[in-house]
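Data file: work-v3.txt. Format and content: compact mmCIF, C-alpha atoms.
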# COMPACT_ATOMS: atom_id res chain seq x y z
CA MET A 280 30.45 -40.60 81.63
CA ASN A 281 30.38 -39.29 85.16
CA VAL A 282 31.08 -35.63 85.88
CA TYR A 283 34.56 -36.23 87.32
CA GLU A 284 35.67 -38.18 84.24
CA LYS A 285 34.45 -35.28 82.09
CA LEU A 286 36.35 -32.76 84.25
CA LYS A 287 39.50 -34.86 83.91
CA GLU A 288 39.02 -35.04 80.13
CA LEU A 289 38.68 -31.21 80.07
CA GLN A 290 41.78 -30.94 82.30
CA ILE A 291 39.85 -29.09 84.99
CA GLU A 292 40.90 -29.31 88.61
CA LEU A 293 38.25 -28.11 91.02
CA PRO A 294 39.31 -25.25 93.29
CA PRO A 295 38.37 -25.07 96.96
CA VAL A 296 35.38 -22.96 97.98
CA SER A 297 36.28 -19.27 97.95
CA VAL A 298 36.10 -17.39 101.23
CA PRO A 299 33.29 -14.79 101.04
CA ALA A 300 34.47 -11.18 100.77
CA ALA A 301 31.54 -9.79 102.79
CA ALA A 302 28.58 -10.82 104.98
CA TYR A 303 27.23 -13.85 103.07
CA VAL A 304 27.80 -17.58 102.63
CA PRO A 305 29.04 -19.33 99.46
CA TYR A 306 25.82 -21.31 99.02
CA VAL A 307 22.44 -22.08 100.57
CA GLN A 308 20.35 -25.18 100.02
CA THR A 309 16.57 -25.23 100.34
CA GLY A 310 14.78 -28.40 99.39
CA ASN A 311 16.44 -29.82 96.27
CA LEU A 312 17.73 -26.43 95.12
CA VAL A 313 21.14 -25.00 95.88
CA PHE A 314 21.79 -21.29 95.35
CA LEU A 315 25.41 -20.27 94.81
CA SER A 316 26.44 -16.73 95.65
CA GLY A 317 28.06 -14.64 92.96
CA HIS A 318 31.65 -15.56 92.14
CA ILE A 319 33.91 -12.96 90.52
CA ALA A 320 36.45 -13.50 87.78
CA ARG A 321 40.01 -13.95 89.04
CA LYS A 322 43.32 -13.92 87.23
CA ASP A 323 46.52 -15.04 88.95
CA GLY A 324 44.58 -15.31 92.23
CA LYS A 325 43.45 -11.67 92.21
CA PRO A 326 40.21 -10.07 91.00
CA TRP A 327 40.32 -9.82 87.21
CA ALA A 328 39.66 -6.08 87.09
CA ALA A 329 38.55 -4.75 83.71
CA GLN A 330 35.59 -3.16 81.95
CA PHE A 331 34.16 -4.35 78.63
CA GLY A 332 34.11 -1.65 76.01
CA ARG A 333 37.19 -0.13 77.63
CA ASN A 334 40.08 -2.53 78.29
CA ILE A 335 39.02 -6.16 77.78
CA SER A 336 37.78 -8.00 74.69
CA THR A 337 34.74 -10.21 74.40
CA GLU A 338 36.99 -13.26 73.82
CA GLU A 339 38.99 -12.50 76.98
CA GLY A 340 35.68 -12.11 78.79
CA LYS A 341 34.51 -15.47 77.59
CA ALA A 342 37.66 -16.97 79.14
CA ALA A 343 36.98 -15.02 82.36
CA ALA A 344 33.41 -16.35 82.50
CA ARG A 345 34.69 -19.89 81.95
CA ALA A 346 37.12 -19.40 84.85
CA VAL A 347 34.23 -18.21 87.04
CA ALA A 348 32.28 -21.33 86.04
CA ILE A 349 35.17 -23.51 87.23
CA ASP A 350 35.13 -21.69 90.59
CA LEU A 351 31.35 -22.21 90.75
CA LEU A 352 31.89 -25.95 90.12
CA GLY A 353 34.28 -26.04 93.09
CA THR A 354 31.60 -24.50 95.30
CA LEU A 355 28.93 -26.76 93.84
CA HIS A 356 31.16 -29.75 94.62
CA ALA A 357 31.18 -28.67 98.28
CA ALA A 358 27.41 -27.98 98.24
CA THR A 359 26.69 -31.52 96.99
CA GLY A 360 28.71 -33.10 99.77
CA GLY A 361 31.52 -33.83 97.34
CA ASP A 362 29.51 -35.47 94.55
CA LEU A 363 28.76 -33.42 91.44
CA ASN A 364 27.01 -36.48 90.00
CA ARG A 365 24.12 -35.48 92.29
CA ILE A 366 23.37 -32.51 90.02
CA ALA A 367 19.98 -33.13 88.42
CA ARG A 368 20.05 -29.83 86.53
CA ILE A 369 21.77 -26.49 86.30
CA VAL A 370 18.59 -24.43 86.55
CA LYS A 371 19.63 -20.78 86.17
CA VAL A 372 22.75 -18.70 85.63
CA MET A 373 22.87 -14.97 86.21
CA SER A 374 25.86 -13.06 84.88
CA LEU A 375 26.87 -9.49 85.65
CA VAL A 376 29.28 -8.06 83.09
CA ASN A 377 31.22 -4.90 83.99
CA SER A 378 30.52 -2.81 80.88
CA THR A 379 30.60 0.64 79.40
CA GLY A 380 27.23 1.96 78.25
CA ASP A 381 27.85 1.08 74.62
CA PHE A 382 29.07 -2.51 75.12
CA THR A 383 26.36 -4.96 73.98
CA GLU A 384 28.01 -8.42 74.01
CA GLN A 385 27.27 -9.47 77.60
CA HIS A 386 25.54 -12.59 76.27
CA LEU A 387 28.67 -13.63 74.37
CA VAL A 388 30.89 -13.11 77.42
CA THR A 389 28.53 -15.25 79.50
CA ASN A 390 28.68 -18.05 76.94
CA GLY A 391 32.08 -18.92 78.42
CA ALA A 392 30.29 -20.20 81.53
CA SER A 393 27.19 -21.61 79.84
CA GLU A 394 29.18 -23.63 77.33
CA LEU A 395 31.31 -25.16 80.09
CA PHE A 396 28.25 -26.24 82.08
CA GLY A 397 26.94 -27.91 78.92
CA GLN A 398 30.26 -29.69 78.37
CA VAL A 399 30.45 -30.92 81.96
CA PHE A 400 26.81 -31.89 82.57
CA GLY A 401 25.46 -32.52 79.05
CA ASP A 402 21.70 -31.95 78.86
CA LYS A 403 21.61 -31.39 82.64
CA GLY A 404 23.85 -28.35 82.11
CA VAL A 405 21.47 -26.57 79.73
CA HIS A 406 19.94 -23.74 81.76
CA ALA A 407 17.89 -20.56 81.83
CA ARG A 408 20.08 -17.46 81.93
CA SER A 409 20.29 -13.72 82.31
CA ALA A 410 23.29 -11.60 81.31
CA PHE A 411 23.37 -7.98 82.42
CA GLY A 412 25.71 -5.12 81.70
CA VAL A 413 26.48 -3.24 84.91
CA ALA A 414 28.47 -0.11 85.68
CA GLN A 415 30.70 -1.81 88.25
CA ILE A 416 31.27 -5.08 90.12
CA PRO A 417 32.98 -5.46 93.54
CA MET A 418 36.76 -5.04 93.38
CA GLY A 419 36.46 -3.93 89.75
CA ALA A 420 36.03 -7.51 88.51
CA CYS A 421 35.05 -7.89 84.87
CA VAL A 422 32.44 -10.63 85.47
CA GLU A 423 30.39 -11.99 88.37
CA ILE A 424 28.19 -15.07 88.02
CA GLU A 425 25.72 -16.77 90.33
CA LEU A 426 24.01 -20.10 89.84
CA ILE A 427 21.00 -22.15 90.90
CA ALA A 428 21.18 -25.95 90.63
CA GLU A 429 18.81 -28.81 91.41
CA LEU A 430 20.11 -31.80 93.34
CA SER A 431 18.91 -35.38 92.96
I need this file expressed as structure tokens, please.
Amino acid sequence: MNVYEKLKELQIELPPVSVPAAAYVPYVQTGNLVFLSGHIARKDGKPWAAQFGRNISTEEGKAAARAVAIDLLGTLHAATGGDLNRIARIVKVMSLVNSTGDFTEQHLVTNGASELFGQVFGDKGVHARSAFGVAQIPMGACVEIELIAELS
């Protein structure tokens, strides 16, 4: 099954590339690798502001991370020249989770993104990953995720 058939089956419509909020670009390609800048969680078009351990649950965070992954797919679509079937591998995901000092489920929050990449790309979506708890993310967002992918 090609990637677009899988997205349709999952009822996912790719969003356009987000406009950067500061002095950076959405992605950079070097050789066969494409590096996507961090994308923050959004809810109703606005930053999804919350902090784990204070006012958002792990399950809500998993949904937020999945939403970030969909935004990343939109940017990746643009980075591939409009053909996600060119993805040879999702190489690495780095997730920043806005957390209180005693919250320890950053890895479970980040699963929302990792699981979606596996659903969309199959074995090519299985990746290395880091999930960090941080004191704050721009605009108070609950999650920010960046991604490295290999193109064929």
Leaving out segment 413-426 of chain A and any residue of its chain fewer than 6 positions from it, which residues lie within 7 Å of it when counting all atoms listed in the file, given as a count of residues only?
23
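Coordinates place atom CA of Leu355 of chain A at a distance of 19.5 Å from atom CA of Gly324 of chain A.
With all atoms listed in the file as the basis for measurement, A:Lys285 is the residue among A:Lys285, A:Arg321, A:Lys341, A:His386 that approaches Phe400 of chain A most closely.
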For Asp381 of chain A, please output as number ranges by chain all residues within 10 Å (counting all atoms listed in the file; exclusion window: fewer than 5 positions along the same chain).
A: 331-333, 412
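You will find atom CA of Asp362 of chain A at 10.7 Å from atom CA of Ser431 of chain A.
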Can you fill out segment 359-381 of chain A with N, CA and C atoms and hand it back as a PDB file, in the coordinates of the input?
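Result file is rebuild.pdb:
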ATOM      1  N   THR A 359      27.282 -30.187  97.217  1.00  0.00           N
ATOM      2  CA  THR A 359      26.690 -31.520  96.990  1.00  0.00           C
ATOM      3  C   THR A 359      27.254 -32.564  97.933  1.00  0.00           C
ATOM      4  N   GLY A 360      28.072 -32.138  98.878  1.00  0.00           N
ATOM      5  CA  GLY A 360      28.710 -33.100  99.770  1.00  0.00           C
ATOM      6  C   GLY A 360      29.829 -33.855  99.082  1.00  0.00           C
ATOM      7  N   GLY A 361      30.395 -33.239  98.038  1.00  0.00           N
ATOM      8  CA  GLY A 361      31.520 -33.830  97.340  1.00  0.00           C
ATOM      9  C   GLY A 361      31.139 -34.751  96.195  1.00  0.00           C
ATOM     10  N   ASP A 362      29.926 -34.607  95.650  1.00  0.00           N
ATOM     11  CA  ASP A 362      29.510 -35.470  94.550  1.00  0.00           C
ATOM     12  C   ASP A 362      28.710 -34.707  93.500  1.00  0.00           C
ATOM     13  N   LEU A 363      29.410 -34.170  92.515  1.00  0.00           N
ATOM     14  CA  LEU A 363      28.760 -33.420  91.440  1.00  0.00           C
ATOM     15  C   LEU A 363      27.831 -34.294  90.597  1.00  0.00           C
ATOM     16  N   ASN A 364      27.940 -35.609  90.713  1.00  0.00           N
ATOM     17  CA  ASN A 364      27.010 -36.480  90.000  1.00  0.00           C
ATOM     18  C   ASN A 364      25.600 -36.382  90.571  1.00  0.00           C
ATOM     19  N   ARG A 365      25.444 -35.716  91.706  1.00  0.00           N
ATOM     20  CA  ARG A 365      24.120 -35.480  92.290  1.00  0.00           C
ATOM     21  C   ARG A 365      23.383 -34.337  91.599  1.00  0.00           C
ATOM     22  N   ILE A 366      24.027 -33.627  90.698  1.00  0.00           N
ATOM     23  CA  ILE A 366      23.370 -32.510  90.020  1.00  0.00           C
ATOM     24  C   ILE A 366      22.319 -33.077  89.056  1.00  0.00           C
ATOM     25  N   ALA A 367      21.059 -32.720  89.314  1.00  0.00           N
ATOM     26  CA  ALA A 367      19.980 -33.130  88.420  1.00  0.00           C
ATOM     27  C   ALA A 367      19.838 -32.139  87.274  1.00  0.00           C
ATOM     28  N   ARG A 368      20.198 -30.871  87.546  1.00  0.00           N
ATOM     29  CA  ARG A 368      20.050 -29.830  86.530  1.00  0.00           C
ATOM     30  C   ARG A 368      20.714 -28.553  86.990  1.00  0.00           C
ATOM     31  N   ILE A 369      21.402 -27.880  86.075  1.00  0.00           N
ATOM     32  CA  ILE A 369      21.770 -26.490  86.300  1.00  0.00           C
ATOM     33  C   ILE A 369      20.520 -25.721  85.867  1.00  0.00           C
ATOM     34  N   VAL A 370      19.892 -25.043  86.799  1.00  0.00           N
ATOM     35  CA  VAL A 370      18.590 -24.430  86.550  1.00  0.00           C
ATOM     36  C   VAL A 370      18.727 -23.034  85.951  1.00  0.00           C
ATOM     37  N   LYS A 371      19.558 -22.186  86.585  1.00  0.00           N
ATOM     38  CA  LYS A 371      19.630 -20.780  86.170  1.00  0.00           C
ATOM     39  C   LYS A 371      21.015 -20.235  86.435  1.00  0.00           C
ATOM     40  N   VAL A 372      21.492 -19.431  85.496  1.00  0.00           N
ATOM     41  CA  VAL A 372      22.750 -18.700  85.630  1.00  0.00           C
ATOM     42  C   VAL A 372      22.442 -17.226  85.467  1.00  0.00           C
ATOM     43  N   MET A 373      22.984 -16.411  86.362  1.00  0.00           N
ATOM     44  CA  MET A 373      22.870 -14.970  86.210  1.00  0.00           C
ATOM     45  C   MET A 373      24.278 -14.387  86.156  1.00  0.00           C
ATOM     46  N   SER A 374      24.525 -13.614  85.117  1.00  0.00           N
ATOM     47  CA  SER A 374      25.860 -13.060  84.880  1.00  0.00           C
ATOM     48  C   SER A 374      25.802 -11.539  84.874  1.00  0.00           C
ATOM     49  N   LEU A 375      26.698 -10.944  85.628  1.00  0.00           N
ATOM     50  CA  LEU A 375      26.870  -9.490  85.650  1.00  0.00           C
ATOM     51  C   LEU A 375      28.187  -9.186  84.950  1.00  0.00           C
ATOM     52  N   VAL A 376      28.126  -8.363  83.922  1.00  0.00           N
ATOM     53  CA  VAL A 376      29.280  -8.060  83.090  1.00  0.00           C
ATOM     54  C   VAL A 376      29.603  -6.577  83.228  1.00  0.00           C
ATOM     55  N   ASN A 377      30.770  -6.279  83.763  1.00  0.00           N
ATOM     56  CA  ASN A 377      31.220  -4.900  83.990  1.00  0.00           C
ATOM     57  C   ASN A 377      31.438  -4.241  82.624  1.00  0.00           C
ATOM     58  N   SER A 378      30.549  -3.305  82.251  1.00  0.00           N
ATOM     59  CA  SER A 378      30.520  -2.810  80.880  1.00  0.00           C
ATOM     60  C   SER A 378      30.366  -1.295  80.802  1.00  0.00           C
ATOM     61  N   THR A 379      30.917  -0.741  79.736  1.00  0.00           N
ATOM     62  CA  THR A 379      30.600   0.640  79.400  1.00  0.00           C
ATOM     63  C   THR A 379      29.187   0.661  78.821  1.00  0.00           C
ATOM     64  N   GLY A 380      28.596   1.831  78.725  1.00  0.00           N
ATOM     65  CA  GLY A 380      27.230   1.960  78.250  1.00  0.00           C
ATOM     66  C   GLY A 380      26.995   1.493  76.831  1.00  0.00           C
ATOM     67  N   ASP A 381      28.047   1.470  76.023  1.00  0.00           N
ATOM     68  CA  ASP A 381      27.850   1.080  74.620  1.00  0.00           C
ATOM     69  C   ASP A 381      28.286  -0.357  74.315  1.00  0.00           C
TER      70      ASP A 381
END
